[in-house]
$ cat structure03.json   # JSON, C-alpha atoms
[["chain", "number", "residue", "atom", "x", "y", "z"],
["A", 966, "MET", "CA", -9.95, -6.06, 11.74],
["A", 967, "LYS", "CA", -8.88, -6.66, 8.15],
["A", 968, "THR", "CA", -11.16, -3.80, 7.10],
["A", 969, "VAL", "CA", -9.26, -1.42, 9.38],
["A", 970, "ILE", "CA", -5.79, -2.57, 8.27],
["A", 971, "ASP", "CA", -6.75, -2.39, 4.59],
["A", 972, "PHE", "CA", -8.06, 1.16, 4.97],
["A", 973, "LEU", "CA", -5.00, 2.30, 6.92],
["A", 974, "SER", "CA", -2.74, 0.80, 4.26],
["A", 975, "ARG", "CA", -4.44, 2.80, 1.54],
["A", 976, "LEU", "CA", -4.53, 5.92, 3.69],
["A", 977, "ARG", "CA", -0.78, 5.73, 4.31],
["A", 978, "GLU", "CA", -0.22, 5.88, 0.54],
["A", 979, "ASN", "CA", -2.77, 8.68, 0.03],
["A", 980, "ASN", "CA", -2.60, 10.83, 3.12],
["A", 981, "ASP", "CA", -4.43, 13.93, 1.95],
["A", 982, "ARG", "CA", -7.90, 15.36, 2.46],
["A", 983, "GLU", "CA", -9.01, 15.02, -1.14],
["A", 984, "TRP", "CA", -8.40, 11.25, -1.17],
["A", 985, "PHE", "CA", -9.91, 10.87, 2.30],
["A", 986, "ASN", "CA", -13.09, 12.70, 1.31],
["A", 987, "ARG", "CA", -13.44, 10.57, -1.81],
["A", 988, "ASN", "CA", -13.17, 7.44, 0.31],
["A", 989, "LYS", "CA", -15.32, 8.53, 3.26],
["A", 990, "GLU", "CA", -17.56, 5.49, 2.97],
["A", 991, "GLU", "CA", -14.60, 3.12, 3.28],
["A", 992, "TYR", "CA", -13.46, 5.10, 6.32],
["A", 993, "ARG", "CA", -16.91, 4.79, 7.93],
["A", 994, "GLU", "CA", -16.82, 1.01, 7.47],
["A", 995, "ALA", "CA", -13.34, 0.83, 9.02],
["A", 996, "LEU", "CA", -14.43, 3.10, 11.88],
["A", 997, "ALA", "CA", -17.45, 0.92, 12.59],
["A", 998, "ALA", "CA", -15.23, -2.18, 12.76],
["A", 999, "TYR", "CA", -12.74, -0.36, 14.99],
["A", 1000, "ASN", "CA", -15.44, 0.84, 17.40],
["A", 1001, "ALA", "CA", -17.10, -2.58, 17.52],
["A", 1002, "PHE", "CA", -13.78, -4.18, 18.37],
["A", 1003, "ALA", "CA", -13.08, -1.59, 21.08],
["A", 1004, "ALA", "CA", -16.50, -2.15, 22.68],
["A", 1005, "GLU", "CA", -15.99, -5.91, 22.72],
["A", 1006, "LEU", "CA", -12.46, -5.61, 24.10],
["A", 1007, "ILE", "CA", -13.66, -3.34, 26.92],
["A", 1008, "ASP", "CA", -16.33, -5.90, 27.75],
["A", 1009, "GLU", "CA", -13.85, -8.79, 27.72],
["A", 1010, "ILE", "CA", -11.28, -6.99, 29.87],
["A", 1011, "SER", "CA", -13.98, -5.96, 32.37],
["A", 1012, "LYS", "CA", -14.42, -9.68, 33.11],
["A", 1013, "PHE", "CA", -11.09, -9.71, 34.95],
["A", 1014, "ASP", "CA", -10.30, -6.04, 35.60],
["A", 1015, "PRO", "CA", -13.14, -4.09, 37.28],
["A", 1016, "ASP", "CA", -11.56, -0.76, 36.29],
["A", 1017, "ALA", "CA", -12.79, -1.37, 32.73],
["A", 1018, "VAL", "CA", -16.45, -1.81, 33.72],
["A", 1019, "PRO", "CA", -17.59, 1.85, 33.49],
["A", 1020, "LEU", "CA", -15.64, 2.68, 30.32],
["A", 1021, "GLY", "CA", -17.15, 3.50, 26.94],
["A", 1022, "ILE", "CA", -15.69, 3.61, 23.44],
["A", 1023, "ARG", "CA", -14.81, 7.30, 23.61],
["A", 1024, "ASP", "CA", -12.87, 6.74, 26.83],
["A", 1025, "CYS", "CA", -10.53, 4.32, 25.09],
["A", 1026, "THR", "CA", -10.25, 5.17, 21.37],
["A", 1027, "TYR", "CA", -8.45, 7.83, 19.37],
["A", 1028, "ARG", "CA", -9.46, 10.04, 16.46],
["A", 1029, "ILE", "CA", -7.80, 9.45, 13.10],
["A", 1030, "TYR", "CA", -7.31, 13.19, 12.57],
["A", 1031, "ARG", "CA", -3.87, 14.52, 13.45],
["A", 1032, "ASP", "CA", -3.16, 17.81, 15.21],
["A", 1033, "VAL", "CA", -0.62, 19.34, 12.83],
["A", 1034, "ARG", "CA", -0.40, 22.79, 14.40],
["A", 1035, "PHE", "CA", 2.94, 22.23, 16.10],
["A", 1036, "SER", "CA", 4.25, 19.30, 14.10],
["A", 1037, "PRO", "CA", 6.66, 19.33, 11.14],
["A", 1038, "ASN", "CA", 4.65, 16.41, 9.76],
["A", 1039, "LYS", "CA", 1.66, 18.02, 8.08],
["A", 1040, "GLU", "CA", -0.10, 14.82, 7.03],
["A", 1041, "PRO", "CA", -3.71, 15.32, 8.15],
["A", 1042, "TYR", "CA", -4.44, 11.72, 9.19],
["A", 1043, "LYS", "CA", -2.87, 9.03, 11.32],
["A", 1044, "SER", "CA", -1.90, 5.80, 9.60],
["A", 1045, "ALA", "CA", -2.43, 3.83, 12.81],
["A", 1046, "LEU", "CA", -5.22, 3.38, 15.35],
["A", 1047, "GLY", "CA", -5.18, 2.12, 18.90],
["A", 1048, "VAL", "CA", -7.36, 1.27, 21.87],
["A", 1049, "TYR", "CA", -6.20, 2.06, 25.43],
["A", 1050, "ILE", "CA", -8.20, 0.66, 28.32],
["A", 1051, "CYS", "CA", -7.33, 1.85, 31.82],
["A", 1052, "ARG", "CA", -8.88, 3.18, 35.00],
["A", 1053, "GLY", "CA", -10.86, 6.32, 34.21],
["A", 1054, "GLY", "CA", -10.01, 6.30, 30.50],
["A", 1055, "LYS", "CA", -7.11, 7.07, 28.21],
["A", 1056, "LYS", "CA", -6.22, 10.52, 29.63],
["A", 1057, "THR", "CA", -5.88, 9.62, 33.31],
["A", 1058, "GLY", "CA", -2.30, 8.36, 33.33],
["A", 1059, "PHE", "CA", -3.13, 5.04, 34.96],
["A", 1060, "ALA", "CA", -1.52, 1.83, 33.76],
["A", 1061, "GLY", "CA", -3.60, -0.11, 31.29],
["A", 1062, "TYR", "CA", -3.90, -2.22, 28.18],
["A", 1063, "TYR", "CA", -3.11, -0.85, 24.73],
["A", 1064, "ILE", "CA", -3.46, -2.48, 21.33],
["A", 1065, "HIS", "CA", -2.04, -0.75, 18.25],
["A", 1066, "PHE", "CA", -3.10, -1.38, 14.65],
["A", 1067, "GLU", "CA", -0.68, -0.31, 11.95],
["A", 1068, "PRO", "CA", -0.01, -1.83, 8.52],
["A", 1069, "GLU", "CA", 3.34, -3.50, 8.18],
["A", 1070, "GLY", "CA", 5.90, -1.65, 6.09],
["A", 1071, "GLU", "CA", 9.39, -0.23, 5.88],
["A", 1072, "ALA", "CA", 8.66, 2.85, 7.98],
["A", 1073, "SER", "CA", 6.14, 1.14, 10.25],
["A", 1074, "GLN", "CA", 6.40, -0.26, 13.74],
["A", 1075, "GLY", "CA", 3.60, -2.67, 12.85],
["A", 1076, "SER", "CA", 0.86, -3.84, 15.17],
["A", 1077, "PHE", "CA", 1.48, -4.67, 18.82],
["A", 1078, "MET", "CA", -0.07, -4.80, 22.26],
["A", 1079, "THR", "CA", 1.31, -3.41, 25.51],
["A", 1080, "SER", "CA", 0.46, -3.34, 29.18],
["A", 1081, "GLY", "CA", 1.79, -0.69, 31.54],
["A", 1082, "VAL", "CA", 2.42, 3.06, 31.56],
["A", 1083, "TYR", "CA", 3.95, 5.21, 28.80],
["A", 1084, "MET", "CA", 5.64, 8.56, 29.49],
["A", 1085, "PRO", "CA", 4.38, 8.91, 33.08],
["A", 1086, "GLU", "CA", 4.65, 12.21, 34.90],
["A", 1087, "PRO", "CA", 7.94, 12.51, 36.86],
["A", 1088, "PHE", "CA", 6.21, 12.16, 40.24],
["A", 1089, "VAL", "CA", 4.41, 9.04, 39.00],
["A", 1090, "LEU", "CA", 7.62, 7.52, 37.64],
["A", 1091, "LYS", "CA", 9.29, 8.16, 41.00],
["A", 1092, "SER", "CA", 6.47, 6.33, 42.75],
["A", 1093, "ILE", "CA", 6.80, 3.39, 40.35],
["A", 1094, "ARG", "CA", 10.54, 3.23, 41.03],
["A", 1095, "GLU", "CA", 9.88, 3.21, 44.76],
["A", 1096, "GLU", "CA", 7.41, 0.37, 44.19],
["A", 1097, "ILE", "CA", 10.15, -1.50, 42.32],
["A", 1098, "LEU", "CA", 12.49, -1.20, 45.30],
["A", 1099, "ASP", "CA", 9.77, -2.31, 47.72],
["A", 1100, "ASN", "CA", 8.22, -5.10, 45.64],
["A", 1101, "GLY", "CA", 10.64, -5.83, 42.81],
["A", 1102, "ASP", "CA", 10.35, -9.60, 43.18],
["A", 1103, "ASP", "CA", 6.57, -9.42, 42.72],
["A", 1104, "ILE", "CA", 7.03, -7.22, 39.64],
["A", 1105, "LEU", "CA", 9.54, -9.64, 38.10],
["A", 1106, "LYS", "CA", 7.15, -12.51, 38.81],
["A", 1107, "ALA", "CA", 4.30, -10.59, 37.15],
["A", 1108, "ILE", "CA", 6.44, -9.90, 34.08],
["A", 1109, "GLU", "CA", 7.51, -13.53, 33.88],
["A", 1110, "SER", "CA", 3.92, -14.75, 34.06],
["A", 1111, "ALA", "CA", 2.94, -12.60, 31.05],
["A", 1112, "ASN", "CA", 3.97, -15.16, 28.44],
["A", 1113, "GLY", "CA", 4.70, -13.63, 25.04],
["A", 1114, "PHE", "CA", 5.42, -10.15, 26.44],
["A", 1115, "THR", "CA", 8.82, -8.58, 27.03],
["A", 1116, "VAL", "CA", 9.89, -5.40, 28.81],
["A", 1117, "CYS", "CA", 10.18, -2.49, 26.38],
["A", 1118, "ARG", "CA", 13.52, -0.73, 26.80],
["A", 1119, "GLU", "CA", 13.28, 1.87, 24.03],
["A", 1120, "ARG", "CA", 13.58, 4.69, 26.56],
["A", 1121, "GLN", "CA", 15.87, 4.10, 29.50],
["A", 1122, "LEU", "CA", 18.69, 5.78, 31.38],
["A", 1123, "LYS", "CA", 22.29, 4.67, 31.11],
["A", 1124, "LYS", "CA", 22.71, 5.01, 34.87],
["A", 1125, "ASN", "CA", 20.39, 4.71, 37.83],
["A", 1126, "PRO", "CA", 18.14, 7.75, 38.30],
["A", 1127, "ALA", "CA", 18.92, 10.33, 40.97],
["A", 1128, "GLY", "CA", 17.88, 9.15, 44.39],
["A", 1129, "PHE", "CA", 18.17, 5.47, 43.47],
["A", 1130, "PRO", "CA", 21.79, 4.39, 44.08],
["A", 1131, "PRO", "CA", 23.10, 1.41, 42.08],
["A", 1132, "GLY", "CA", 23.46, -1.98, 43.68],
["A", 1133, "SER", "CA", 19.82, -3.04, 43.81],
["A", 1134, "PRO", "CA", 18.92, -6.33, 42.06],
["A", 1135, "PHE", "CA", 16.34, -4.25, 40.19],
["A", 1136, "ASP", "CA", 18.68, -1.64, 38.70],
["A", 1137, "GLU", "CA", 17.66, -2.45, 35.11],
["A", 1138, "LEU", "CA", 14.01, -1.81, 35.94],
["A", 1139, "LEU", "CA", 14.83, 1.41, 37.78],
["A", 1140, "LYS", "CA", 16.53, 2.80, 34.65],
["A", 1141, "LEU", "CA", 13.32, 2.62, 32.61],
["A", 1142, "LYS", "CA", 11.66, 5.93, 31.69],
["A", 1143, "ASP", "CA", 8.47, 4.14, 30.67],
["A", 1144, "PHE", "CA", 7.25, 0.95, 32.28],
["A", 1145, "TYR", "CA", 5.40, -1.42, 30.00],
["A", 1146, "ILE", "CA", 5.66, -4.85, 28.46],
["A", 1147, "ILE", "CA", 5.05, -5.43, 24.78],
["A", 1148, "LYS", "CA", 4.00, -8.20, 22.41],
["A", 1149, "PRO", "CA", 4.35, -7.78, 18.61],
["A", 1150, "LEU", "CA", 1.34, -8.85, 16.54],
["A", 1151, "ASP", "CA", 1.47, -10.24, 13.02],
["A", 1152, "MET", "CA", -1.27, -10.07, 10.42],
["A", 1153, "LYS", "CA", -2.40, -13.62, 11.19],
["A", 1154, "TYR", "CA", -3.13, -12.56, 14.76],
["A", 1155, "ILE", "CA", -4.83, -9.30, 13.75],
["A", 1156, "THR", "CA", -7.08, -10.74, 11.05],
["A", 1157, "GLY", "CA", -7.99, -13.98, 12.82],
["A", 1158, "GLY", "CA", -11.40, -14.61, 14.31],
["A", 1159, "GLU", "CA", -12.51, -13.55, 17.81],
["A", 1160, "LEU", "CA", -9.70, -11.00, 18.06],
["A", 1161, "ALA", "CA", -11.14, -9.24, 21.11],
["A", 1162, "LYS", "CA", -11.41, -12.49, 23.05],
["A", 1163, "ARG", "CA", -7.87, -13.54, 22.11],
["A", 1164, "ALA", "CA", -6.42, -10.11, 22.90],
["A", 1165, "ALA", "CA", -8.22, -10.03, 26.25],
["A", 1166, "ALA", "CA", -6.86, -13.48, 27.07],
["A", 1167, "ASP", "CA", -3.35, -12.17, 26.43],
["A", 1168, "PHE", "CA", -4.00, -9.01, 28.43],
["A", 1169, "ARG", "CA", -5.34, -11.08, 31.30],
["A", 1170, "LYS", "CA", -1.83, -12.50, 31.76],
["A", 1171, "THR", "CA", -0.61, -8.95, 32.40],
["A", 1172, "TYR", "CA", -3.24, -8.03, 34.99],
["A", 1173, "PRO", "CA", -0.96, -8.76, 37.99],
["A", 1174, "LEU", "CA", 1.54, -6.21, 36.66],
["A", 1175, "ILE", "CA", -1.19, -3.62, 36.01],
["A", 1176, "ARG", "CA", -2.43, -3.98, 39.59],
["A", 1177, "ILE", "CA", 1.04, -3.34, 41.01],
["A", 1178, "LEU", "CA", 1.72, -0.38, 38.72],
["A", 1179, "ASN", "CA", -1.62, 1.23, 39.48],
["A", 1180, "ARG", "CA", -0.98, 0.90, 43.17],
["A", 1181, "ALA", "CA", 2.07, 3.11, 42.60],
["A", 1182, "VAL", "CA", 0.17, 5.50, 40.32],
["A", 1183, "GLU", "CA", -2.67, 5.85, 42.82],
["A", 1184, "TYR", "CA", -0.25, 6.55, 45.65],
["A", 1185, "ALA", "CA", 1.48, 9.24, 43.58],
["A", 1186, "TYR", "CA", -1.84, 10.92, 42.80],
["A", 1187, "GLU", "CA", -2.94, 10.79, 46.43],
["A", 1188, "GLU", "CA", 0.36, 12.30, 47.58],
["A", 1189, "ASN", "CA", -0.14, 15.16, 45.13],
["A", 1190, "GLY", "CA", -3.80, 15.74, 46.03],
["A", 1191, "MET", "CA", -5.06, 14.51, 42.68],
["A", 1192, "LEU", "CA", -7.47, 11.86, 43.96]]

$ encode --input "structure03.json" --output "structure tokens"
Amino acid sequence: MKTVIDFLSRLRENNDREWFNRNKEEYREALAAYNAFAAELIDEISKFDPDAVPLGIRDCTYRIYRDVRFSPNKEPYKSALGVYICRGGKKTGFAGYYIHFEPEGEASQGSFMTSGVYMPEPFVLKSIREEILDNGDDILKAIESANGFTVCRERQLKKNPAGFPPGSPFDELLKLKDFYIIKPLDMKYITGGELAKRAAADFRKTYPLIRILNRAVEYAYEENGML
């Protein structure tokens, strides 16, 4: 993935259409590497998670072009790319596996991988919290078994959410507004050989958590007539 990181690094310093058009061939090479990686990662994850079996590249990848219509940031291109593999594809709201490629830098969050759900709908988040109360020990065990990952707490409540009184041994999990675990990735990891196989091996450790979360997501969708 060095080709992708190198292109994104240059794009971040030259984020305008004129530069992009002059360097279209470099972009095509980076895109080809990105798509090839995504296809291989889908294949590797499908070996342990059957929800990945029917997915294609377009179900799991994102365009580099930004929608600037309602954003104060008018840069036309993203300086990061990611792959999100989950049941039904990236737009379904199911828990899944995400890997993010972004050049390191002062204003950068860098590259990382996550497993879980980000910004779930309120009715889905409620279902996940109910799952925590019912099966919190299994969730903690699943988190613990995902060596190298930690719970992301960037967005969480200061107090327990409404309807979930304090006093549960799982209060800190109930306060989360997103529910995912994260592992930072350095350049050695990103540019090393057999990245898709190594990333899938890491994601495999998070599969027990994904199964529990998707049980809650599926229940929420069924309750709301969405399945």

$ closest_atom_pairs --input "structure03.json" --of "range 1058-1096 of chain A" --to "range 1157-1167 of chain A" --cutoff "12 Å" --atoms "only C-alpha atoms" --output "Markdown table"
| residue | atom | partner | partner_atom | distance |
| --- | --- | --- | --- | --- |
| A:Tyr1062 | CA | A:Ala1165 | CA | 9.1 |
| A:Tyr1063 | CA | A:Ala1164 | CA | 10.0 |
| A:Ile1064 | CA | A:Ala1164 | CA | 8.3 |
| A:His1065 | CA | A:Ala1164 | CA | 11.3 |
| A:Phe1077 | CA | A:Ala1164 | CA | 10.4 |
| A:Met1078 | CA | A:Ala1164 | CA | 8.3 |
| A:Thr1079 | CA | A:Asp1167 | CA | 10.0 |
| A:Ser1080 | CA | A:Asp1167 | CA | 10.0 |

$ residues_around --input "structure03.json" --residues "range 1098-1109 of chain A" --least-positions-apart "4" --cutoff "10 Å" --atoms "only C-alpha atoms" --output "NGL selection string"
:A and (1092-1094 or 1113-1116 or 1129 or 1133-1136 or 1138-1139 or 1145-1146 or 1170-1178)

$ write_last_selection --input "structure03.json" --atoms "C-alpha atoms" --output "short mmCIF file (atom, residue, chain, number, x, y, z; two decimals), in the coordinates of the input"
data_model
loop_
_atom_site.label_atom_id
_atom_site.label_comp_id
_atom_site.auth_asym_id
_atom_site.auth_seq_id
_atom_site.Cartn_x
_atom_site.Cartn_y
_atom_site.Cartn_z
CA SER A 1092 6.47 6.33 42.75
CA ILE A 1093 6.80 3.39 40.35
CA ARG A 1094 10.54 3.23 41.03
CA GLY A 1113 4.70 -13.63 25.04
CA PHE A 1114 5.42 -10.15 26.44
CA THR A 1115 8.82 -8.58 27.03
CA VAL A 1116 9.89 -5.40 28.81
CA PHE A 1129 18.17 5.47 43.47
CA SER A 1133 19.82 -3.04 43.81
CA PRO A 1134 18.92 -6.33 42.06
CA PHE A 1135 16.34 -4.25 40.19
CA ASP A 1136 18.68 -1.64 38.70
CA LEU A 1138 14.01 -1.81 35.94
CA LEU A 1139 14.83 1.41 37.78
CA TYR A 1145 5.40 -1.42 30.00
CA ILE A 1146 5.66 -4.85 28.46
CA LYS A 1170 -1.83 -12.50 31.76
CA THR A 1171 -0.61 -8.95 32.40
CA TYR A 1172 -3.24 -8.03 34.99
CA PRO A 1173 -0.96 -8.76 37.99
CA LEU A 1174 1.54 -6.21 36.66
CA ILE A 1175 -1.19 -3.62 36.01
CA ARG A 1176 -2.43 -3.98 39.59
CA ILE A 1177 1.04 -3.34 41.01
CA LEU A 1178 1.72 -0.38 38.72
#

$ residues_around --input "structure03.json" --residues "range 1006-1013 of chain A" --least-positions-apart "3" --cutoff "7 Å" --atoms "only C-alpha atoms" --output "VMD selection string"
chain A and resid 1002 to 1003 1016 to 1018 1050 1161 to 1162 1165 1169

$ residues_around --input "structure03.json" --residues "Ala1060 in chain A" --least-positions-apart "6" --cutoff "6 Å" --atoms "all atoms listed in the file" --output "MDAnalysis selection string"
chainID A and resid 1081:1082 1175 1179

$ residues_around --input "structure03.json" --residues "Phe972 in chain A" --least-positions-apart "2" --cutoff "12 Å" --atoms "all atoms listed in the file" --output "PyMOL selection string"
chain A and resi 966-970+974-980+984-985+988-996+998-999+1029+1042-1046+1066-1068

$ closest_residue --input "structure03.json" --among "A:Pro1131, A:Pro1087, A:Pro1149, A:Gly1061" --to "Asp1014 in chain A" --atoms "all atoms listed in the file"
A:Gly1061

$ atom_distance --input "structure03.json" --atom1 "CA of Gly1053 in chain A" --atom2 "CA of Leu1141 in chain A"
24.5 Å

$ closest_residue --input "structure03.json" --among "A:Val1182, A:Asn1038, A:Glu1188, A:Glu1005" --to "Gly1058 in chain A" --atoms "all atoms listed in the file"
A:Val1182

$ atom_distance --input "structure03.json" --atom1 "CA of Asp1151 in chain A" --atom2 "CA of Gln1074 in chain A"
11.2 Å

$ closest_residue --input "structure03.json" --among "A:Leu1192, A:Leu1020, A:Ile1147, A:Ile1097" --to "Asn1112 in chain A" --atoms "all atoms listed in the file"
A:Ile1147

$ atom_distance --input "structure03.json" --atom1 "CA of Lys1153 in chain A" --atom2 "CA of Arg1118 in chain A"
25.8 Å
